[in-house]
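A.B. asks: Hey, dropping my_file-v6.cif in here, mmCIF, C-alpha atoms:
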```
data_structure
loop_
_atom_site.label_atom_id
_atom_site.label_comp_id
_atom_site.auth_asym_id
_atom_site.auth_seq_id
_atom_site.Cartn_x
_atom_site.Cartn_y
_atom_site.Cartn_z
CA MET A 16 0.00 0.00 0.00
CA LEU A 17 2.80 2.42 0.87
CA ASN A 18 4.58 1.53 -2.36
CA GLN A 19 1.62 2.80 -4.40
CA LEU A 20 1.66 6.27 -2.80
CA PRO A 21 3.26 8.98 -4.93
CA ILE A 22 5.24 10.25 -1.89
CA LYS A 23 8.95 9.50 -1.72
CA ARG A 24 10.27 7.52 1.22
CA PRO A 25 12.58 10.23 2.66
CA TYR A 26 9.61 12.60 2.89
CA LEU A 27 7.54 9.88 4.52
CA LEU A 28 10.30 9.35 7.12
CA ILE A 29 10.39 13.09 7.93
CA ALA A 30 6.59 13.20 8.25
CA ALA A 31 6.59 10.14 10.54
CA SER A 32 9.34 11.69 12.71
CA ILE A 33 7.37 14.95 13.05
CA LEU A 34 4.21 12.99 13.92
CA LEU A 35 6.13 10.97 16.53
CA LEU A 36 7.57 14.19 17.99
CA ILE A 37 4.07 15.73 18.29
CA ILE A 38 2.69 12.60 19.98
CA SER A 39 5.70 12.48 22.35
CA TYR A 40 5.20 16.12 23.24
CA GLN A 41 1.51 15.56 24.02
CA PHE A 42 2.06 12.48 26.20
CA ALA A 43 5.32 13.17 28.00
CA PHE A 44 7.06 16.46 27.42
CA LYS A 45 4.02 18.68 27.93
CA LYS A 46 3.28 17.31 31.41
CA THR A 47 6.94 17.38 32.38
CA ILE A 48 7.30 21.01 31.32
CA GLU A 49 4.11 21.95 33.24
CA ALA A 50 5.38 20.17 36.36
CA TRP A 51 8.74 21.92 36.09
CA GLN A 52 6.99 25.30 35.78
CA VAL A 53 4.80 24.59 38.83
CA HIS A 54 7.91 23.50 40.77
CA SER A 55 9.73 26.70 39.83
CA HIS A 56 6.71 28.80 40.84
CA LEU A 57 6.34 27.07 44.22
CA LYS A 58 10.07 27.26 44.88
CA LYS A 59 9.98 31.00 44.19
CA GLU A 60 6.98 31.44 46.55
CA LEU A 61 8.71 29.44 49.27
CA SER A 62 11.87 31.50 49.03
CA GLN A 63 9.81 34.71 49.25
CA SER A 64 7.94 33.59 52.36
CA THR A 65 9.69 33.50 55.71
CA GLY A 66 9.27 29.74 55.98
CA LEU A 67 6.54 27.32 56.89
CA ASP A 68 7.61 27.07 60.52
CA LEU A 69 6.45 30.60 61.31
CA GLN A 70 3.01 30.29 59.75
CA PRO A 71 0.35 29.85 62.47
CA VAL A 72 -2.02 27.71 60.38
CA TYR A 73 0.76 25.26 59.59
CA LEU A 74 1.87 25.13 63.24
CA ASN A 75 -1.69 24.52 64.45
CA ARG A 76 -2.18 21.67 61.97
CA LYS A 77 1.20 20.18 62.90
CA ASN A 78 0.45 20.39 66.65
CA HIS A 79 -2.97 18.81 66.12
CA ASN A 80 -1.44 15.87 64.22
CA LEU A 81 1.24 15.40 66.89
CA ASP A 82 -1.41 15.45 69.62
CA LEU A 83 -3.34 12.72 67.81
CA ILE A 84 -0.22 10.56 67.62
CA ILE A 85 0.63 11.09 71.28
CA SER A 86 -2.96 10.35 72.36
CA ARG A 87 -2.63 6.86 70.89
CA TYR A 88 0.36 6.17 73.13
CA LYS A 89 -0.72 7.99 76.27
CA THR A 90 -2.57 6.25 79.08
CA ASP A 91 -3.08 6.95 82.73
CA THR A 92 -0.32 4.87 84.34
CA VAL A 93 -2.09 4.64 87.69
CA ALA A 94 -5.26 3.31 86.14
CA PHE A 95 -3.58 1.27 83.39
CA ARG A 96 -3.74 -1.97 85.32
CA SER A 97 -7.47 -1.62 85.88
CA SER A 98 -9.18 0.36 83.13
CA ALA A 99 -6.94 -0.47 80.16
CA ILE A 100 -6.73 -4.17 80.99
CA SER A 101 -10.52 -4.34 81.45
CA ALA A 102 -10.91 -2.68 78.03
CA ILE A 103 -8.45 -5.18 76.55
CA ALA A 104 -10.31 -8.07 78.21
CA SER A 105 -13.61 -6.87 76.73
CA ILE A 106 -12.02 -6.72 73.25
CA ALA A 107 -10.73 -10.27 73.74
CA GLU A 108 -14.12 -11.46 74.99
CA LYS A 109 -15.87 -10.07 71.90
CA GLU A 110 -13.60 -12.19 69.70
CA ASN A 111 -13.95 -15.32 71.90
CA VAL A 112 -10.34 -15.13 73.00
CA LYS A 113 -9.13 -15.79 76.53
CA LEU A 114 -6.85 -13.23 78.19
CA SER A 115 -4.73 -15.89 79.82
CA ASP A 116 -1.85 -14.05 81.40
CA VAL A 117 -1.23 -10.53 82.67
CA PRO A 118 2.10 -10.79 84.45
CA THR A 119 3.15 -8.31 87.07
CA GLN A 120 4.89 -5.28 85.69
CA ASP A 121 8.52 -6.08 85.09
CA PRO A 122 10.82 -3.18 86.02
CA SER A 123 13.11 -4.02 83.10
CA TYR A 124 10.29 -2.96 80.76
CA HIS A 125 10.08 0.51 82.33
CA THR A 126 12.11 3.40 81.01
CA GLY A 127 12.00 7.05 81.95
CA LYS A 128 9.07 7.82 79.69
CA PHE A 129 7.59 4.49 78.57
CA ILE A 130 5.94 1.46 80.15
CA VAL A 131 5.81 -1.84 78.28
CA GLN A 132 3.11 -4.31 79.38
CA LYS A 133 3.10 -7.96 78.28
CA LEU A 134 -0.27 -9.68 77.73
CA SER A 135 -0.98 -13.26 76.64
CA PHE A 136 -4.09 -14.43 74.81
CA GLU A 137 -5.31 -17.95 73.95
CA GLY A 138 -7.64 -18.97 71.16
CA ASP A 139 -7.73 -19.99 67.53
CA TYR A 140 -5.53 -18.20 65.01
CA PHE A 141 -8.22 -16.16 63.25
CA ALA A 142 -9.77 -14.94 66.50
CA LEU A 143 -6.31 -14.00 67.79
CA ALA A 144 -5.55 -12.11 64.57
CA LYS A 145 -8.85 -10.18 64.84
CA THR A 146 -8.10 -9.39 68.47
CA LEU A 147 -4.65 -8.09 67.54
CA ASP A 148 -6.21 -5.89 64.84
CA ARG A 149 -8.72 -4.45 67.32
CA LEU A 150 -5.96 -3.83 69.88
CA GLN A 151 -3.96 -1.92 67.29
CA SER A 152 -6.93 0.29 66.42
CA ALA A 153 -8.10 0.87 70.02
CA GLN A 154 -7.47 4.26 71.63
CA ALA A 155 -5.94 4.99 75.07
CA ILE A 156 -4.59 1.51 75.77
CA GLY A 157 -1.17 2.05 74.25
CA VAL A 158 0.36 0.91 71.01
CA CYS A 159 1.29 -2.65 70.11
CA ARG A 160 5.06 -2.76 70.19
CA SER A 161 5.32 -6.38 69.12
CA ALA A 162 3.19 -9.50 68.82
CA VAL A 163 4.27 -13.13 68.74
CA PHE A 164 2.14 -16.16 67.87
CA ARG A 165 3.29 -19.35 69.59
CA LEU A 166 2.08 -22.94 69.38
CA ILE A 167 2.40 -24.49 72.83
CA THR A 168 2.15 -28.23 73.28
CA LYS A 169 1.26 -29.64 76.70
CA ARG A 170 1.64 -33.33 77.21
CA THR A 171 -0.53 -35.12 79.68
CA SER A 172 -0.40 -38.78 80.58
CA THR A 173 -2.91 -39.71 77.89
CA ASP A 174 -2.66 -37.16 75.08
CA GLU A 175 -1.14 -33.94 73.71
CA VAL A 176 -2.92 -30.61 73.98
CA LYS A 177 -1.92 -27.91 71.50
CA LYS A 178 -2.93 -24.31 71.90
CA ILE A 179 -2.07 -21.09 70.11
CA VAL A 180 -0.89 -18.25 72.33
CA LEU A 181 -0.55 -14.62 71.25
CA GLU A 182 1.91 -12.57 73.28
CA VAL A 183 1.42 -8.82 72.84
CA TYR A 184 3.67 -6.11 74.20
CA LEU A 185 1.82 -2.80 74.63
CA GLU A 186 3.82 0.40 75.02
CA THR A 187 2.45 3.48 76.74
CA ILE A 188 3.77 6.92 77.61
CA LYS A 189 3.94 7.74 81.32
#
```
Now, as a test, write the supplied structure out as structure tokens.

C.D. replies:
Amino acid sequence: MLNQLPIKRPYLLIAASILLLIISYQFAFKKTIEAWQVHSHLKKELSQSTGLDLQPVYLNRKNHNLDLIISRYKTDTVAFRSSAISAIASIAEKENVKLSDVPTQDPSYHTGKFIVQKLSFEGDYFALAKTLDRLQSAQAIGVCRSAVFRLITKRTSTDEVKKIVLEVYLETIK
């Protein structure tokens, strides 16, 4: 079909190159040039302003976000053993998981600003995973520092009993 056209091949090559250049400009170069111009404009505005740190709206938004993050970690350390553990036990009960062990607070887990509390749960894997997800999304009980699933085998005189245990370490700010 191209052989029957009265156009010479060198002209056809030039026309195809120009068409390819126009398509390339529309798909890639145009957006890149616009982004570069926006970047230059924003960079110029930023250099003209005194900086984002001195703008009150920015500082208020930043402080609000930091307060939200800190509120996830912060608990009342005096009432942690009662209120937070009862909230954790109710979360576990909703998922049919047993809160099996709440050891006494180990002083090695305490630092100047943080308390780490170890909790153990028993149940099936899926219920334990749902409980862990709810603990991570709960407010004012601390943040899950780590979680370990363990399969514990107890041997009795007649048979073996296997159970899955979830050990969760919750960290809170004093």

A.B. asks: In Å, how far is it from CA of Pro71 in chain A to CA of Ser86 in chain A?

C.D. replies: 22.1 Å

A.B. asks: Running the PyMOL selection byres ((chain A and resi 115) around 10) on this model by hand, what would come out? Give it as a ChimeraX atom specification.

C.D. replies: /A:104,112-114,116-118,134-138,180-182

A.B. asks: Using C-alpha atoms, can you export the residues from the last selection as a PDB file, in the frame of the given file?

C.D. replies:
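Output file again-v6.pdb is given in full below:
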```
ATOM      1  CA  ALA A 104     -10.310  -8.070  78.210  1.00  0.00           C
ATOM      2  CA  VAL A 112     -10.340 -15.130  73.000  1.00  0.00           C
ATOM      3  CA  LYS A 113      -9.130 -15.790  76.530  1.00  0.00           C
ATOM      4  CA  LEU A 114      -6.850 -13.230  78.190  1.00  0.00           C
ATOM      5  CA  ASP A 116      -1.850 -14.050  81.400  1.00  0.00           C
ATOM      6  CA  VAL A 117      -1.230 -10.530  82.670  1.00  0.00           C
ATOM      7  CA  PRO A 118       2.100 -10.790  84.450  1.00  0.00           C
ATOM      8  CA  LEU A 134      -0.270  -9.680  77.730  1.00  0.00           C
ATOM      9  CA  SER A 135      -0.980 -13.260  76.640  1.00  0.00           C
ATOM     10  CA  PHE A 136      -4.090 -14.430  74.810  1.00  0.00           C
ATOM     11  CA  GLU A 137      -5.310 -17.950  73.950  1.00  0.00           C
ATOM     12  CA  GLY A 138      -7.640 -18.970  71.160  1.00  0.00           C
ATOM     13  CA  VAL A 180      -0.890 -18.250  72.330  1.00  0.00           C
ATOM     14  CA  LEU A 181      -0.550 -14.620  71.250  1.00  0.00           C
ATOM     15  CA  GLU A 182       1.910 -12.570  73.280  1.00  0.00           C
TER      16      GLU A 182
END
```

A.B. asks: Identify which of the residues A:Ser98, A:Ser32, A:Leu27, A:Ile179 lies closest to Ile167 in chain A, counting only C-alpha atoms when measuring atom-to-atom distances.

C.D. replies: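 Closest residue, counting only C-alpha atoms: A:Ile179.
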
A.B. asks: Quick one: residues within 12 Å of Arg149 in chain A, all atoms listed in the file, excluding same-chain residues fewer than 6 positions away - as a PyMOL selection string?

C.D. replies: chain A and resi 102-110+142-143+156+158-159

A.B. asks: Just the number, please: distance in Å from CA of Gln52 in chain A to CA of Gln70 in chain A, one decimal.

C.D. replies: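 Between these atoms lies a distance of 24.8 Å.
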